[in-house]
Amino acid sequence: MSRVLVVDDEPAMRFALAEMLGDRGHDVVAVDAGAAALDHLGEVDVVVTDLAMPGLDGLGVVREARRRAPGLPVIVLTARGSEKSAVEAMKAGADDYLTKPFDVEEVALAVARAAEAAGLRREVARAAAERATGRALIGDGPAMRALLTRIQRIAPRDVTVLVRGETGTGKELAATLLHALGPHAQGPLVRFNCAAIPSELADAELFGHARGAFTGAHEARPGYFVRADGGTLILDEVGELPLAIQAKLLRAVQDGEVQPVGGAPRKVDVRIIACTHRDLREDARAGRFRDDLYFRLAVVELEVPALRARREDIPALARAFAARLAARWAIDVRLGDELVAELARRPWPGNVRELENTIARLVAESDGGELGVDALGRPEPLPAADAPGLPFRARVEAFERALIGEAMTAAGGNRAEAARRLGLSRVTLLDRMKRLGLG
């Protein structure tokens with residue numbers, strides 16, 4: 001059933017509504033004030049609110065719901081004789097109104113109708129987003145719904161967006177969706193990995209260079225900004241850019257002008273979406289990131305939730321990954337209910353990427369049929385680098401695993417710190433960990 005937010009300052013009425021809707025299978029969140037309701041608008045399917053309340057009243061709840069969560073149905077409850085106020089609420093965007101005292105079945109039916117309509121709207125919006133990106137959007141829990149609602153609201157407005165989230169949460173997918181649903185959707189989508197390019201090359205790569213600008217520059221080369229002209233530029237791991245490059249990026253963001261190395265300035269029309277796993281506000285306070293650039297990039301901040309904040313989506317994600325891989329490798333395999341339940345209990349510090357890698361291992365090692373919890377097992381101990389008879393490549397990989405394992409332990413599991421200890425860029429470390437099966 002649906003998740004319903006009940007807003008009423010009268011304890012008896014609030015309790016009665018929560019009990020009645022809960023008995024009909026709904027998941028109910030009940031609050032005693034309009035202001036308290038605002039924190040839950042992105043998490044629910046339907047709002048049932050009293051109209052007359054101190055502070056932010058029902059009309060205010062309706063208006064905030066329309067602003068913060070377009071498409072969220074709001075049902076207003078009003079005392080008999082106050083229909084005029086209810087009509088005002090309908091004009092503000094309420095979907096329905098009921099007068100007190102109300103019939104229980106009437107409320108239940110109104111909520112069911114509103115939830116069904118909202119579900120259909122979500123499916124239409126999800127289908128449109130999937131067509132635009134060419135990728136399946138898996139998960140229908142509150143956190144994912146709230147994220148998609150914000151993306152759908154922000155995307156058409158040509159603002160710079162900072163997408164934040166832990167490694168492996170799906171920041172790139174969120175950025176792609178912002179492009180696909182935005183005003184630059186017909187233009188190019190270009191990605192620039194700020195952590196993958198050495199600092200001395202980042203300037204020329206990002207902004208381009210003129211012929212003869214430096215040794216080896218035999219021809220002029222457009223930078224990523226020019227390649228993205230008329231479209232969207234995703235700056236992945238923007239927090240890794242050197243401070244000197246940040247100054248040039250600031251000019252490009254605020255003036256729409258790029259300065260190629262050794263060349264003349266050029267105007268570009270580019271929507272910028274920056275992605276990072278770092279807390280750039282804290283980095284700005286510590287002097288590691290320009291605060292003026294932070295405020296330019298974070299016109300809107302979008303937080304992609306960690307997998308532990310959307311555990312209800314793990315079963316759907318796991319089964320979708322398994323189905324896709326089984327079809328790709330022509331293996332008749334499926335995940336058992338006990339295995340899926342165990343997957344949903346695990347912490348997944350690597351988020352969706354770690355879950356996908358785990359499912360890939362399970363399917364690849366399977367002989368087919370239904371997989372149980374025992375399929376997770378414990379990984380076989382990795383061979384030591386000096387194991388007798390070990391081929392050269394395997395010995396090198398074993399040595400790399402040992403080095404990375406030591407660095408990760410010393411860094412307390414922090415991959416960025418482990419990369420610094422190893423003298424690698426964070427992206428290089430992640431690539432090697434993925435290649436070596438370390439997550």
# chains A, B, ... in the order shown; residues from 1 in each chain; ligands from 1
>>> closest_atom_pairs(of="range 260-338 of chain A", to="range 357-369 of chain A", cutoff="7 Å", atoms="only C-alpha atoms", output="CSV")
residue,atom,partner,partner_atom,distance
A:Ala318,CA,A:Ile359,CA,6.7
A:Phe321,CA,A:Ile359,CA,6.6
A:Ala322,CA,A:Ile359,CA,6.1
A:Leu325,CA,A:Ala360,CA,6.8
A:Ala326,CA,A:Val363,CA,6.7
A:Ile331,CA,A:Gly368,CA,5.9
A:Asp332,CA,A:Gly368,CA,5.1
A:Val333,CA,A:Gly368,CA,4.5
A:Arg334,CA,A:Gly369,CA,6.2
>>> residues_around(residues="range 114-124 of chain A", least_positions_apart="6", cutoff="9 Å", atoms="only C-alpha atoms", output="VMD selection string")
chain A and resid 1 to 4 45 to 46 71 to 75 95 to 96 145 149
>>> write_last_selection(atoms="N, CA and C atoms", output="mmCIF file, in the first residue's frame")
data_model
loop_
_atom_site.group_PDB
_atom_site.id
_atom_site.type_symbol
_atom_site.label_atom_id
_atom_site.label_comp_id
_atom_site.auth_asym_id
_atom_site.auth_seq_id
_atom_site.Cartn_x
_atom_site.Cartn_y
_atom_site.Cartn_z
ATOM 1 N N MET A 1 0.842 -1.192 0.000
ATOM 2 C CA MET A 1 0.000 0.000 0.000
ATOM 3 C C MET A 1 0.882 1.248 0.000
ATOM 4 N N SER A 2 0.275 2.381 0.313
ATOM 5 C CA SER A 2 0.967 3.656 0.173
ATOM 6 C C SER A 2 1.433 4.210 1.514
ATOM 7 N N ARG A 3 2.320 5.181 1.421
ATOM 8 C CA ARG A 3 2.807 5.887 2.598
ATOM 9 C C ARG A 3 2.043 7.209 2.693
ATOM 10 N N VAL A 4 1.336 7.416 3.814
ATOM 11 C CA VAL A 4 0.438 8.560 3.957
ATOM 12 C C VAL A 4 0.913 9.450 5.101
ATOM 13 N N ASP A 45 3.349 9.304 -0.301
ATOM 14 C CA ASP A 45 2.551 9.218 -1.524
ATOM 15 C C ASP A 45 1.329 10.124 -1.489
ATOM 16 N N VAL A 46 0.792 10.363 -0.283
ATOM 17 C CA VAL A 46 -0.418 11.160 -0.120
ATOM 18 C C VAL A 46 -0.301 11.958 1.173
ATOM 19 N N GLY A 71 3.014 17.135 -7.903
ATOM 20 C CA GLY A 71 2.416 15.836 -8.177
ATOM 21 C C GLY A 71 2.018 15.075 -6.937
ATOM 22 N N LEU A 72 2.452 15.533 -5.757
ATOM 23 C CA LEU A 72 2.076 14.856 -4.512
ATOM 24 C C LEU A 72 0.629 15.210 -4.177
ATOM 25 N N PRO A 73 -0.275 14.228 -4.091
ATOM 26 C CA PRO A 73 -1.682 14.547 -3.803
ATOM 27 C C PRO A 73 -1.877 15.006 -2.362
ATOM 28 N N VAL A 74 -2.682 16.047 -2.188
ATOM 29 C CA VAL A 74 -2.993 16.569 -0.861
ATOM 30 C C VAL A 74 -4.509 16.596 -0.694
ATOM 31 N N ILE A 75 -4.990 15.954 0.361
ATOM 32 C CA ILE A 75 -6.413 15.946 0.703
ATOM 33 C C ILE A 75 -6.593 16.813 1.941
ATOM 34 N N ASP A 95 -5.928 18.325 -3.998
ATOM 35 C CA ASP A 95 -6.574 17.392 -4.917
ATOM 36 C C ASP A 95 -8.015 17.084 -4.517
ATOM 37 N N ASP A 96 -8.311 17.196 -3.241
ATOM 38 C CA ASP A 96 -9.651 16.850 -2.774
ATOM 39 C C ASP A 96 -9.852 17.477 -1.396
ATOM 40 N N ARG A 145 12.322 8.101 -4.479
ATOM 41 C CA ARG A 145 11.235 8.944 -4.978
ATOM 42 C C ARG A 145 11.564 10.419 -4.773
ATOM 43 N N THR A 149 11.968 13.149 -7.721
ATOM 44 C CA THR A 149 11.099 14.324 -7.711
ATOM 45 C C THR A 149 11.928 15.596 -7.837
#
>>> atom_distance(atom1="CA of Leu302 in chain A", atom2="CA of Val161 in chain A")
7.1 Å
>>> residues_around(residues="Gly168 in chain A", least_positions_apart="5", cutoff="9 Å", atoms="only C-alpha atoms", output="list in words")
Ala306, Leu307, Pro349, Gly350, Asn351, Val352, Arg353 and Glu354 of chain A
>>> residues_around(residues="Val62 in chain A", least_positions_apart="4", cutoff="12 Å", atoms="only C-alpha atoms", output="JSON, numbers by chain")
{"A": [7, 34, 35, 37, 38, 41, 46, 47, 48, 49, 50, 51, 56, 57, 58, 66, 67, 68, 69, 70, 71, 72, 73, 74, 75, 76, 77, 86, 88, 89, 90, 91, 92, 93, 94, 95, 96, 97]}
>>> select_by_dssp(residues="range 71-231 of chain A", states="helix (DSSP H, G or I)", output="ChimeraX atom specification")
/A:83-92,104-133,142-154,171-180,199-207,224-227
>>> residues_around(residues="Arg288 in chain A", least_positions_apart="5", cutoff="10 Å", atoms="only C-alpha atoms", output="PyMOL selection string")
chain A and resi 239-243+280-283
>>> atom_distance(atom1="CA of Leu162 in chain A", atom2="CA of Asp229 in chain A")
19.3 Å
>>> residues_around(residues="Met144 in chain A", least_positions_apart="3", cutoff="9 Å", atoms="only C-alpha atoms", output="number ranges by chain")
A: 43, 138-141, 147-149, 304-305, 310, 313
>>> write_last_selection(atoms="N, CA and C atoms", output="mmCIF file, in the first residue's frame")
data_model
loop_
_atom_site.group_PDB
_atom_site.id
_atom_site.type_symbol
_atom_site.label_atom_id
_atom_site.label_comp_id
_atom_site.auth_asym_id
_atom_site.auth_seq_id
_atom_site.Cartn_x
_atom_site.Cartn_y
_atom_site.Cartn_z
ATOM 1 N N GLU A 43 8.815 12.101 1.046
ATOM 2 C CA GLU A 43 8.903 10.691 1.435
ATOM 3 C C GLU A 43 7.577 9.954 1.333
ATOM 4 N N ILE A 138 15.995 1.944 -11.074
ATOM 5 C CA ILE A 138 15.512 0.887 -10.187
ATOM 6 C C ILE A 138 15.357 1.421 -8.777
ATOM 7 N N GLY A 139 14.237 1.119 -8.166
ATOM 8 C CA GLY A 139 13.996 1.531 -6.781
ATOM 9 C C GLY A 139 12.839 2.492 -6.680
ATOM 10 N N ASP A 140 11.930 2.192 -5.754
ATOM 11 C CA ASP A 140 10.749 3.037 -5.596
ATOM 12 C C ASP A 140 10.522 3.386 -4.132
ATOM 13 N N GLY A 141 11.582 3.319 -3.324
ATOM 14 C CA GLY A 141 11.464 3.684 -1.918
ATOM 15 C C GLY A 141 11.404 5.188 -1.742
ATOM 16 N N LEU A 147 14.478 11.788 -4.530
ATOM 17 C CA LEU A 147 15.548 12.182 -5.446
ATOM 18 C C LEU A 147 15.000 12.435 -6.847
ATOM 19 N N LEU A 148 14.187 11.515 -7.359
ATOM 20 C CA LEU A 148 13.641 11.671 -8.702
ATOM 21 C C LEU A 148 12.723 12.888 -8.799
ATOM 22 N N THR A 149 11.968 13.149 -7.721
ATOM 23 C CA THR A 149 11.099 14.324 -7.711
ATOM 24 C C THR A 149 11.928 15.596 -7.837
ATOM 25 N N VAL A 304 22.644 12.329 -3.502
ATOM 26 C CA VAL A 304 22.245 10.980 -3.903
ATOM 27 C C VAL A 304 22.385 10.088 -2.676
ATOM 28 N N PRO A 305 21.303 9.453 -2.233
ATOM 29 C CA PRO A 305 21.356 8.704 -0.968
ATOM 30 C C PRO A 305 22.244 7.483 -1.046
ATOM 31 N N ARG A 310 18.417 3.515 1.613
ATOM 32 C CA ARG A 310 17.331 3.045 0.743
ATOM 33 C C ARG A 310 17.347 1.522 0.652
ATOM 34 N N ASP A 313 15.169 -0.739 -1.508
ATOM 35 C CA ASP A 313 15.421 -0.897 -2.942
ATOM 36 C C ASP A 313 16.411 -2.022 -3.243
#
>>> select_by_dssp(residues="range 234-381 of chain A", states="strand (DSSP E)", output="list in words")
Ile234, Leu235, Asp236, Glu257, Val258, Arg266, Lys267, Arg271, Ile272, Ile273, Ala274, Cys275, Thr276, Val300, Glu301, Leu302, Glu303, Val333, Arg334, Leu335, Gly369, Glu370 and Leu371 of chain A
>>> residues_around(residues="Lys267 in chain A", least_positions_apart="4", cutoff="12 Å", atoms="only C-alpha atoms", output="ChimeraX atom specification")
/A:207,225-226,228-230,251-260
>>> atom_distance(atom1="CA of Ala108 in chain A", atom2="CA of Ser85 in chain A")
22.3 Å
